[in-house]
file input-v5.txt (compact mmCIF, C-alpha atoms and all ligand atoms)
# COMPACT_ATOMS: atom_id res chain seq x y z
CA MET A 1 -41.44 0.07 2.30
CA GLY A 2 -43.83 0.00 5.24
CA GLY A 3 -41.03 0.78 7.68
CA ALA A 4 -40.81 3.73 10.01
CA LEU A 5 -40.43 6.05 7.03
CA GLY A 6 -43.33 4.57 5.10
CA LYS A 7 -45.75 7.31 6.07
CA LEU A 8 -43.38 10.13 5.24
CA GLU A 9 -42.64 8.80 1.82
CA SER A 10 -46.13 7.98 0.61
CA PRO A 11 -47.25 10.43 -2.09
CA GLU A 12 -49.78 13.03 -1.01
CA THR A 13 -51.57 13.60 -4.28
CA LYS A 14 -52.40 11.66 -7.41
CA LEU A 15 -50.04 13.94 -9.26
CA GLU A 16 -47.21 13.17 -6.89
CA ALA A 17 -47.88 9.45 -7.21
CA LYS A 18 -47.65 9.87 -10.98
CA MET A 19 -44.37 11.73 -10.66
CA VAL A 20 -42.90 9.01 -8.44
CA GLU A 21 -44.03 6.41 -10.96
CA ALA A 22 -42.54 8.34 -13.87
CA MET A 23 -39.30 8.82 -11.95
CA GLN A 24 -39.05 5.14 -11.11
CA ARG A 25 -39.68 4.23 -14.73
CA ARG A 26 -36.95 6.62 -15.74
CA ALA A 27 -34.60 5.39 -13.00
CA SER A 28 -34.78 1.86 -14.35
CA LYS A 29 -32.95 3.15 -17.42
CA GLY A 30 -30.04 4.33 -15.29
CA THR A 31 -28.29 7.68 -15.26
CA ALA A 32 -25.63 9.29 -17.41
CA ILE A 33 -24.30 11.22 -14.41
CA LYS A 34 -21.51 9.69 -12.37
CA SER A 35 -21.10 11.95 -9.35
CA PHE A 36 -22.51 14.90 -7.44
CA ASN A 37 -19.49 16.92 -8.52
CA SER A 38 -20.27 16.42 -12.17
CA ILE A 39 -23.76 17.81 -11.50
CA ILE A 40 -22.17 20.93 -10.04
CA LEU A 41 -19.93 21.25 -13.08
CA LYS A 42 -23.05 21.34 -15.22
CA PHE A 43 -24.60 24.26 -13.32
CA PRO A 44 -23.55 27.02 -15.76
CA LYS A 45 -24.93 25.17 -18.76
CA ILE A 46 -28.17 24.35 -16.96
CA ASP A 47 -28.44 27.96 -15.84
CA ASP A 48 -28.10 29.29 -19.39
CA SER A 49 -30.61 26.87 -20.75
CA LEU A 50 -33.21 27.54 -18.03
CA ARG A 51 -32.86 31.29 -18.43
CA ASN A 52 -33.80 30.87 -22.05
CA CYS A 53 -37.22 29.70 -20.87
CA LYS A 54 -37.91 33.32 -19.97
CA ALA A 55 -39.16 33.93 -23.50
CA ILE A 56 -41.67 31.08 -23.17
CA PHE A 57 -42.74 32.42 -19.81
CA GLU A 58 -43.37 35.89 -21.20
CA GLN A 59 -45.32 34.46 -24.07
CA PHE A 60 -47.76 32.77 -21.67
CA ASP A 61 -47.92 35.56 -19.14
CA GLU A 62 -50.45 37.28 -21.36
CA ASP A 63 -51.21 40.20 -19.08
CA SER A 64 -47.49 40.59 -18.30
CA ASN A 65 -47.99 40.77 -14.54
CA GLY A 66 -44.99 38.53 -13.88
CA ALA A 67 -47.02 35.46 -13.03
CA ILE A 68 -48.96 32.84 -14.96
CA ASP A 69 -52.45 32.23 -13.64
CA ASN A 70 -54.42 29.00 -13.89
CA GLU A 71 -56.10 29.96 -17.19
CA GLU A 72 -52.82 31.00 -18.77
CA LEU A 73 -51.28 27.72 -17.61
CA LYS A 74 -54.04 25.74 -19.31
CA LYS A 75 -53.24 27.46 -22.59
CA CYS A 76 -49.59 26.71 -22.02
CA VAL A 77 -50.24 22.99 -21.49
CA HIS A 78 -52.33 22.98 -24.65
CA LYS A 79 -49.59 24.71 -26.62
CA LEU A 80 -47.03 22.22 -25.35
CA GLY A 81 -49.16 19.53 -26.92
CA VAL A 82 -49.60 17.58 -23.70
CA CYS A 83 -52.82 15.79 -22.83
CA PHE A 84 -53.55 16.58 -19.21
CA THR A 85 -56.98 16.64 -17.61
CA GLU A 86 -58.26 19.84 -15.99
CA GLU A 87 -57.70 18.20 -12.62
CA GLU A 88 -54.10 17.36 -13.48
CA ILE A 89 -53.44 20.91 -14.59
CA ASP A 90 -54.97 22.24 -11.38
CA ASP A 91 -52.78 19.85 -9.37
CA LEU A 92 -49.70 20.90 -11.33
CA PHE A 93 -50.57 24.52 -10.73
CA LYS A 94 -50.84 23.95 -6.98
CA ALA A 95 -47.69 21.84 -6.91
CA CYS A 96 -45.64 24.48 -8.72
CA ASP A 97 -47.08 27.50 -6.92
CA ILE A 98 -44.74 26.81 -4.06
CA ASN A 99 -45.12 30.22 -2.40
CA GLU A 100 -48.92 29.88 -2.69
CA ASP A 101 -49.57 33.32 -4.16
CA MET A 102 -51.92 31.87 -6.82
CA GLY A 103 -49.53 32.64 -9.63
CA ILE A 104 -46.67 30.82 -11.35
CA LYS A 105 -43.59 33.00 -11.28
CA PHE A 106 -40.61 32.34 -13.50
CA ASN A 107 -38.75 29.94 -11.19
CA GLU A 108 -42.00 28.07 -10.58
CA PHE A 109 -42.58 27.92 -14.34
CA VAL A 110 -39.17 26.32 -14.92
CA VAL A 111 -40.10 23.63 -12.40
CA PHE A 112 -43.47 23.22 -14.12
CA LEU A 113 -41.86 22.68 -17.54
CA CYS A 114 -39.48 20.09 -16.15
CA LEU A 115 -42.28 18.21 -14.37
CA VAL A 116 -44.27 18.16 -17.60
CA TYR A 117 -41.21 16.79 -19.33
CA LEU A 118 -40.91 13.98 -16.77
CA LEU A 119 -44.62 13.15 -16.83
CA LYS A 120 -44.69 12.69 -20.56
CA ASP A 121 -44.67 8.99 -21.35
CA ASP A 122 -42.83 9.64 -24.52
CA ALA A 123 -40.22 12.36 -24.33
CA MET A 124 -40.40 12.76 -28.10
CA GLU A 125 -43.88 14.19 -27.67
CA PHE A 126 -42.49 17.01 -25.64
CA GLU A 127 -42.24 19.60 -28.33
CA ALA A 128 -40.97 22.52 -26.32
CA LYS A 129 -37.86 22.67 -28.42
CA SER A 130 -39.57 22.95 -31.77
CA ARG A 131 -42.57 24.94 -30.61
CA MET A 132 -40.92 27.18 -28.09
CA GLY A 133 -37.61 27.75 -29.76
CA VAL A 134 -35.46 26.95 -26.75
CA PRO A 135 -32.47 24.90 -27.85
CA ASN A 136 -31.16 22.14 -25.59
CA LEU A 137 -34.09 22.42 -23.22
CA GLU A 138 -34.84 18.71 -23.38
CA ALA A 139 -31.17 17.90 -22.82
CA THR A 140 -31.20 20.15 -19.75
CA PHE A 141 -34.31 18.51 -18.33
CA GLU A 142 -32.78 15.12 -19.05
CA THR A 143 -29.69 16.18 -17.06
CA LEU A 144 -31.87 17.24 -14.13
CA VAL A 145 -33.71 13.92 -14.17
CA ASP A 146 -30.37 12.10 -14.41
CA ALA A 147 -29.08 14.05 -11.42
CA PHE A 148 -32.10 13.05 -9.35
CA VAL A 149 -31.76 9.40 -10.41
CA LEU A 150 -28.12 9.50 -9.29
CA LEU A 151 -29.11 10.76 -5.84
CA ASP A 152 -32.10 8.45 -5.37
CA LYS A 153 -30.07 5.29 -4.72
CA ASN A 154 -32.94 3.04 -3.66
CA LYS A 155 -35.10 4.32 -6.53
CA ASP A 156 -38.19 5.02 -4.45
CA GLY A 157 -38.72 8.37 -6.15
CA TYR A 158 -37.44 10.44 -3.20
CA VAL A 159 -34.02 11.49 -1.98
CA SER A 160 -33.41 10.80 1.70
CA LYS A 161 -30.77 12.46 3.84
CA ASN A 162 -28.75 9.24 3.85
CA GLU A 163 -28.80 9.13 0.08
CA MET A 164 -27.55 12.70 -0.03
CA VAL A 165 -24.73 11.86 2.40
CA GLN A 166 -23.84 8.85 0.26
CA ALA A 167 -23.74 10.93 -2.94
CA ILE A 168 -21.48 13.55 -1.40
CA ASN A 169 -19.28 10.89 0.20
CA GLU A 170 -18.76 9.29 -3.17
CA SER A 171 -17.65 12.61 -4.59
CA GLY A 172 -14.74 12.48 -2.13
CA GLU A 173 -15.52 15.48 0.05
CA HIS A 174 -13.63 15.49 3.34
CA SER A 175 -16.44 16.86 5.48
CA SER A 176 -19.27 15.29 3.56
CA GLY A 177 -21.67 15.10 6.51
CA PRO A 178 -22.26 18.82 7.10
CA ILE A 179 -22.31 19.61 3.36
CA ALA A 180 -24.83 16.88 2.69
CA THR A 181 -26.99 18.04 5.58
CA LYS A 182 -26.91 21.63 4.34
CA ARG A 183 -27.77 20.66 0.76
CA PHE A 184 -30.48 18.36 2.01
CA GLU A 185 -32.08 21.03 4.15
CA GLU A 186 -31.99 23.46 1.23
CA MET A 187 -33.89 20.91 -0.82
CA ASP A 188 -36.43 19.61 1.70
CA TRP A 189 -38.82 22.54 1.32
CA ASP A 190 -41.69 21.10 3.39
CA LYS A 191 -39.27 19.64 5.98
CA ASN A 192 -40.84 16.19 5.85
CA GLY A 193 -37.48 14.40 5.73
CA SER A 194 -37.46 13.43 2.09
CA VAL A 195 -36.89 15.34 -1.12
CA SER A 196 -39.29 14.93 -4.04
CA PHE A 197 -38.27 15.70 -7.63
CA LYS A 198 -40.25 18.93 -7.40
CA GLU A 199 -38.35 20.04 -4.30
CA PHE A 200 -35.10 19.09 -5.98
CA LEU A 201 -35.97 21.29 -8.97
CA PHE A 202 -36.86 24.25 -6.77
CA ALA A 203 -33.55 23.91 -4.97
CA PHE A 204 -31.85 23.85 -8.33
CA THR A 205 -33.45 27.08 -9.50
CA THR A 206 -32.15 28.65 -6.30
CA TRP A 207 -28.66 27.19 -6.65
CA VAL A 208 -28.23 28.44 -10.19
CA GLY A 209 -29.84 31.76 -9.29
CA ILE A 210 -32.94 31.56 -11.49
CA GLU A 211 -35.27 33.01 -8.86
CA ASP A 212 -33.73 36.47 -9.21
CA LEU A 213 -34.82 36.70 -12.80
CA GLY A 214 -38.57 36.51 -12.64
CA ASP A 215 -38.84 38.61 -9.54
CA ASP A 216 -40.47 41.90 -10.34
CA ASP A 217 -41.54 42.49 -6.77
CA GLN A 218 -40.62 45.63 -4.88
CA GLN A 219 -38.24 43.75 -2.65
CA CA A 301 -46.29 31.50 -7.04
CA CA A 302 -34.68 7.32 -2.32
CA CA A 303 -39.87 17.12 1.34
call {"tool": "encode", "arguments": {"input": "input-v5.txt", "output": "structure tokens"}}
result
Amino acid sequence: MGGALGKLESPETKLEAKMVEAMQRRASKGTAIKSFNSIILKFPKIDDSLRNCKAIFEQFDEDSNGAIDNEELKKCVHKLGVCFTEEEIDDLFKACDINEDMGIKFNEFVVFLCLVYLLKDDAMEFEAKSRMGVPNLEATFETLVDAFVLLDKNKDGYVSKNEMVQAINESGEHSSGPIATKRFEEMDWDKNGSVSFKEFLFAFTTWVGIEDLGDDDQQ
């Protein structure tokens, strides 16, 4: 820390600092995933599981306009049985509203649920499964966290381009450099040179094609 990249990698918000902390805590337990390829092999299962969140989404999108507003999100957090302050919920809302249209669309909601899962101190408290009726959701989130832990070699809570190159190298790709660069650029949404867990999740929803689902826009 404190090197040339120190500024880039320091968390911007309290929420992000909390996420980094939670990720580091989780990383200390190791990961069940062995390679980048095995993450890719899990895509179909992850895809299925995330799509099942659509029912939860619709339940909280009370006015059925295809997006969850701040008030609806507060009810959702309450229903999930999580204790977040108003400020934390507002921060989560802003963090997940990646296209800044003041509403949480389906792909943004999936990211939200997974962030809530990570931020919970005790995963057992996360009652989405029992309350929301989505089977294997926790297992899916656990896989996503595991995947991030695998990529974040130095366990600083962010994935750097070098770490991405390393992960793809280890999976035995011949032209790992260009593939890693492409994947990295797809993930680094704000182009600041490092990938946060949130950015990783957004990339994932794109890779498995979740974004198409919640999109009721004209185009
Ligand atoms: Ca949005
Ligand atoms: Ca890292
Ligand atoms: Ca970034």
call {"tool": "atom_distance", "arguments": {"input": "input-v5.txt", "atom1": "CA of Phe200 in chain A", "atom2": "CA of Phe57 in chain A"}}
result
20.7 Å
call {"tool": "residues_around", "arguments": {"input": "input-v5.txt", "residues": "Ser28 in chain A", "least_positions_apart": "5", "cutoff": "10 Å", "atoms": "only C-alpha atoms", "output": "list in words"}}
result
Met23, Val149 and Lys155 of chain A
call {"tool": "atom_distance", "arguments": {"input": "input-v5.txt", "atom1": "CA of Ser35 in chain A", "atom2": "CA of Pro178 in chain A"}}
result
17.9 Å
call {"tool": "closest_residue", "arguments": {"input": "input-v5.txt", "among": "A:Asp63, A:Glu86, A:Asp101, A:Glu21", "to": "ligand CA 301 (chain A)", "atoms": "all atoms listed in the file"}}
result
A:Asp101
call {"tool": "closest_residue", "arguments": {"input": "input-v5.txt", "among": "A:Arg183, A:Lys34, A:Lys105, A:Lys153", "to": "Ile210 in chain A", "atoms": "only C-alpha atoms"}}
result
A:Lys105
call {"tool": "residues_around", "arguments": {"input": "input-v5.txt", "residues": "Phe109 in chain A", "least_positions_apart": "2", "cutoff": "9 Å", "atoms": "only C-alpha atoms", "output": "PDB file with C-alpha atoms, keeping the file's coordinate frame"}}
result
ATOM      1  CA  CYS A  53     -37.220  29.700 -20.870  1.00  0.00           C
ATOM      2  CA  PHE A  57     -42.740  32.420 -19.810  1.00  0.00           C
ATOM      3  CA  ALA A  67     -47.020  35.460 -13.030  1.00  0.00           C
ATOM      4  CA  ILE A  68     -48.960  32.840 -14.960  1.00  0.00           C
ATOM      5  CA  CYS A  96     -45.640  24.480  -8.720  1.00  0.00           C
ATOM      6  CA  ASP A  97     -47.080  27.500  -6.920  1.00  0.00           C
ATOM      7  CA  ILE A 104     -46.670  30.820 -11.350  1.00  0.00           C
ATOM      8  CA  LYS A 105     -43.590  33.000 -11.280  1.00  0.00           C
ATOM      9  CA  PHE A 106     -40.610  32.340 -13.500  1.00  0.00           C
ATOM     10  CA  ASN A 107     -38.750  29.940 -11.190  1.00  0.00           C
ATOM     11  CA  VAL A 111     -40.100  23.630 -12.400  1.00  0.00           C
ATOM     12  CA  PHE A 112     -43.470  23.220 -14.120  1.00  0.00           C
ATOM     13  CA  LEU A 113     -41.860  22.680 -17.540  1.00  0.00           C
ATOM     14  CA  CYS A 114     -39.480  20.090 -16.150  1.00  0.00           C
TER      15      CYS A 114
END
call {"tool": "closest_residue", "arguments": {"input": "input-v5.txt", "among": "A:Glu138, A:Asp48, A:Phe148, A:Glu71", "to": "Phe36 in chain A", "atoms": "only C-alpha atoms"}}
result
A:Phe148
call {"tool": "atom_distance", "arguments": {"input": "input-v5.txt", "atom1": "CA of Ser160 in chain A", "atom2": "atom CA of ligand CA 303 (chain A)"}}
result
9.0 Å
call {"tool": "residues_near_ligand", "arguments": {"input": "input-v5.txt", "ligand": "ligand CA 303 (chain A)", "cutoff": "6 Å", "atoms": "all atoms listed in the file", "output": "ChimeraX atom specification"}}
result
/A:188-196
call {"tool": "residues_near_ligand", "arguments": {"input": "input-v5.txt", "ligand": "ligand CA 302 (chain A)", "cutoff": "8 Å", "atoms": "only C-alpha atoms and all ligand atoms", "output": "JSON, numbers by chain"}}
result
{"A": [151, 152, 153, 154, 155, 156, 157, 158, 159, 160, 163]}
call {"tool": "residues_around", "arguments": {"input": "input-v5.txt", "residues": "Asp47 in chain A", "least_positions_apart": "4", "cutoff": "7 Å", "atoms": "all atoms listed in the file", "output": "number ranges by chain"}}
result
A: 43, 51, 208
call {"tool": "residues_near_point", "arguments": {"input": "input-v5.txt", "point": "(-49.0, 15.8, -11.6)", "cutoff": "9 Å", "atoms": "all atoms listed in the file", "output": "ChimeraX atom specification"}}
result
/A:13-19,84,88-93,95,115-116,119
call {"tool": "decode", "arguments": {"input": "input-v5.txt", "residues": "range 58-190 of chain A", "atoms": "C-alpha atoms", "output": "JSON list (two decimals), in the first residue's frame"}}
result
[["chain", "number", "residue", "atom", "x", "y", "z"],
["A", 58, "GLU", "CA", -41.10, -8.09, -9.17],
["A", 59, "GLN", "CA", -42.31, -8.43, -5.63],
["A", 60, "PHE", "CA", -40.44, -5.28, -4.60],
["A", 61, "ASP", "CA", -41.11, -3.30, -7.73],
["A", 62, "GLU", "CA", -44.50, -2.40, -6.30],
["A", 63, "ASP", "CA", -45.61, -0.07, -9.06],
["A", 64, "SER", "CA", -44.27, -2.51, -11.69],
["A", 65, "ASN", "CA", -42.39, 0.16, -13.63],
["A", 66, "GLY", "CA", -39.37, -2.10, -14.11],
["A", 67, "ALA", "CA", -37.22, -0.37, -11.53],
["A", 68, "ILE", "CA", -36.99, -0.31, -7.75],
["A", 69, "ASP", "CA", -36.88, 3.17, -6.27],
["A", 70, "ASN", "CA", -35.22, 4.19, -3.02],
["A", 71, "GLU", "CA", -38.39, 3.66, -0.93],
["A", 72, "GLU", "CA", -39.04, 0.25, -2.43],
["A", 73, "LEU", "CA", -35.41, -0.68, -1.75],
["A", 74, "LYS", "CA", -35.79, 0.24, 1.92],
["A", 75, "LYS", "CA", -38.72, -2.14, 2.21],
["A", 76, "CYS", "CA", -36.67, -4.78, 0.48],
["A", 77, "VAL", "CA", -33.77, -4.41, 2.93],
["A", 78, "HIS", "CA", -36.26, -4.65, 5.79],
["A", 79, "LYS", "CA", -37.82, -7.77, 4.33],
["A", 80, "LEU", "CA", -34.40, -9.36, 3.91],
["A", 81, "GLY", "CA", -33.97, -8.93, 7.63],
["A", 82, "VAL", "CA", -30.78, -6.90, 7.34],
["A", 83, "CYS", "CA", -29.96, -4.05, 9.69],
["A", 84, "PHE", "CA", -28.69, -1.22, 7.54],
["A", 85, "THR", "CA", -28.91, 2.46, 8.41],
["A", 86, "GLU", "CA", -30.79, 4.84, 6.09],
["A", 87, "GLU", "CA", -27.42, 6.21, 4.99],
["A", 88, "GLU", "CA", -26.15, 2.74, 4.14],
["A", 89, "ILE", "CA", -29.24, 1.99, 2.11],
["A", 90, "ASP", "CA", -28.87, 5.29, 0.26],
["A", 91, "ASP", "CA", -25.21, 4.46, -0.44],
["A", 92, "LEU", "CA", -26.16, 0.97, -1.63],
["A", 93, "PHE", "CA", -28.80, 2.47, -3.87],
["A", 94, "LYS", "CA", -26.30, 4.85, -5.44],
["A", 95, "ALA", "CA", -23.67, 2.14, -5.75],
["A", 96, "CYS", "CA", -26.04, -0.24, -7.52],
["A", 97, "ASP", "CA", -27.73, 2.35, -9.73],
["A", 98, "ILE", "CA", -24.81, 2.12, -12.09],
["A", 99, "ASN", "CA", -26.54, 3.83, -15.03],
["A", 100, "GLU", "CA", -27.65, 6.63, -12.67],
["A", 101, "ASP", "CA", -31.30, 6.68, -13.74],
["A", 102, "MET", "CA", -32.50, 6.78, -10.10],
["A", 103, "GLY", "CA", -33.94, 3.30, -10.28],
["A", 104, "ILE", "CA", -32.65, -0.21, -9.64],
["A", 105, "LYS", "CA", -33.27, -2.35, -12.69],
["A", 106, "PHE", "CA", -33.10, -6.11, -12.58],
["A", 107, "ASN", "CA", -29.37, -6.50, -13.27],
["A", 108, "GLU", "CA", -28.65, -3.79, -10.71],
["A", 109, "PHE", "CA", -30.90, -5.60, -8.22],
["A", 110, "VAL", "CA", -28.95, -8.84, -8.63],
["A", 111, "VAL", "CA", -25.77, -6.93, -7.80],
["A", 112, "PHE", "CA", -27.53, -5.35, -4.83],
["A", 113, "LEU", "CA", -28.58, -8.73, -3.42],
["A", 114, "CYS", "CA", -25.08, -10.11, -3.74],
["A", 115, "LEU", "CA", -23.53, -7.06, -2.06],
["A", 116, "VAL", "CA", -25.99, -7.41, 0.81],
["A", 117, "TYR", "CA", -24.99, -11.04, 1.06],
["A", 118, "LEU", "CA", -21.31, -10.10, 1.30],
["A", 119, "LEU", "CA", -21.90, -7.30, 3.80],
["A", 120, "LYS", "CA", -23.73, -9.52, 6.22],
["A", 121, "ASP", "CA", -21.41, -10.47, 9.04],
["A", 122, "ASP", "CA", -23.14, -13.74, 9.42],
["A", 123, "ALA", "CA", -24.24, -15.36, 6.20],
["A", 124, "MET", "CA", -26.77, -17.42, 8.13],
["A", 125, "GLU", "CA", -28.71, -14.22, 8.77],
["A", 126, "PHE", "CA", -29.21, -13.77, 5.09],
["A", 127, "GLU", "CA", -32.63, -15.25, 4.77],
["A", 128, "ALA", "CA", -33.26, -14.70, 1.10],
["A", 129, "LYS", "CA", -33.59, -18.40, 0.56],
["A", 130, "SER", "CA", -36.28, -19.01, 3.12],
["A", 131, "ARG", "CA", -38.07, -15.70, 2.75],
["A", 132, "MET", "CA", -37.77, -15.22, -0.96],
["A", 133, "GLY", "CA", -38.10, -18.77, -2.12],
["A", 134, "VAL", "CA", -35.08, -18.78, -4.39],
["A", 135, "PRO", "CA", -33.22, -22.05, -4.01],
["A", 136, "ASN", "CA", -29.42, -22.09, -4.16],
["A", 137, "LEU", "CA", -29.19, -18.31, -4.13],
["A", 138, "GLU", "CA", -26.74, -18.27, -1.24],
["A", 139, "ALA", "CA", -24.64, -20.94, -2.94],
["A", 140, "THR", "CA", -24.56, -18.81, -6.09],
["A", 141, "PHE", "CA", -23.50, -15.70, -4.20],
["A", 142, "GLU", "CA", -20.88, -17.76, -2.40],
["A", 143, "THR", "CA", -19.54, -18.89, -5.79],
["A", 144, "LEU", "CA", -19.34, -15.28, -6.98],
["A", 145, "VAL", "CA", -17.46, -14.25, -3.84],
["A", 146, "ASP", "CA", -15.17, -17.27, -4.27],
["A", 147, "ALA", "CA", -14.49, -16.26, -7.87],
["A", 148, "PHE", "CA", -13.50, -12.76, -6.80],
["A", 149, "VAL", "CA", -11.27, -14.11, -4.03],
["A", 150, "LEU", "CA", -9.54, -16.32, -6.59],
["A", 151, "LEU", "CA", -8.80, -13.31, -8.82],
["A", 152, "ASP", "CA", -7.75, -10.95, -6.03],
["A", 153, "LYS", "CA", -4.36, -12.56, -5.40],
["A", 154, "ASN", "CA", -2.97, -9.93, -3.03],
["A", 155, "LYS", "CA", -6.27, -9.78, -1.14],
["A", 156, "ASP", "CA", -6.59, -6.00, -1.15],
["A", 157, "GLY", "CA", -10.25, -6.18, -2.10],
["A", 158, "TYR", "CA", -9.70, -5.18, -5.75],
["A", 159, "VAL", "CA", -8.68, -7.03, -8.89],
["A", 160, "SER", "CA", -5.85, -5.40, -10.80],
["A", 161, "LYS", "CA", -5.01, -6.00, -14.44],
["A", 162, "ASN", "CA", -1.94, -8.00, -13.41],
["A", 163, "GLU", "CA", -4.06, -10.23, -11.22],
["A", 164, "MET", "CA", -6.40, -10.84, -14.12],
["A", 165, "VAL", "CA", -3.47, -11.73, -16.39],
["A", 166, "GLN", "CA", -2.16, -14.09, -13.71],
["A", 167, "ALA", "CA", -5.54, -15.82, -13.33],
["A", 168, "ILE", "CA", -5.90, -16.37, -17.07],
["A", 169, "ASN", "CA", -2.27, -17.48, -17.37],
["A", 170, "GLU", "CA", -2.85, -20.10, -14.73],
["A", 171, "SER", "CA", -5.81, -21.43, -16.67],
["A", 172, "GLY", "CA", -3.37, -22.27, -19.47],
["A", 173, "GLU", "CA", -4.61, -19.98, -22.22],
["A", 174, "HIS", "CA", -2.12, -19.51, -25.04],
["A", 175, "SER", "CA", -2.80, -15.84, -25.65],
["A", 176, "SER", "CA", -3.64, -14.94, -22.10],
["A", 177, "GLY", "CA", -2.55, -11.30, -22.37],
["A", 178, "PRO", "CA", -5.19, -10.02, -24.80],
["A", 179, "ILE", "CA", -7.96, -12.11, -23.21],
["A", 180, "ALA", "CA", -7.11, -10.85, -19.75],
["A", 181, "THR", "CA", -6.99, -7.27, -20.99],
["A", 182, "LYS", "CA", -10.38, -7.63, -22.67],
["A", 183, "ARG", "CA", -12.00, -9.21, -19.60],
["A", 184, "PHE", "CA", -10.40, -6.60, -17.40],
["A", 185, "GLU", "CA", -11.69, -3.73, -19.49],
["A", 186, "GLU", "CA", -15.17, -5.24, -19.49],
["A", 187, "MET", "CA", -15.05, -5.28, -15.70],
["A", 188, "ASP", "CA", -13.43, -1.92, -14.94],
["A", 189, "TRP", "CA", -16.60, 0.11, -15.39],
["A", 190, "ASP", "CA", -15.24, 3.44, -14.12]]
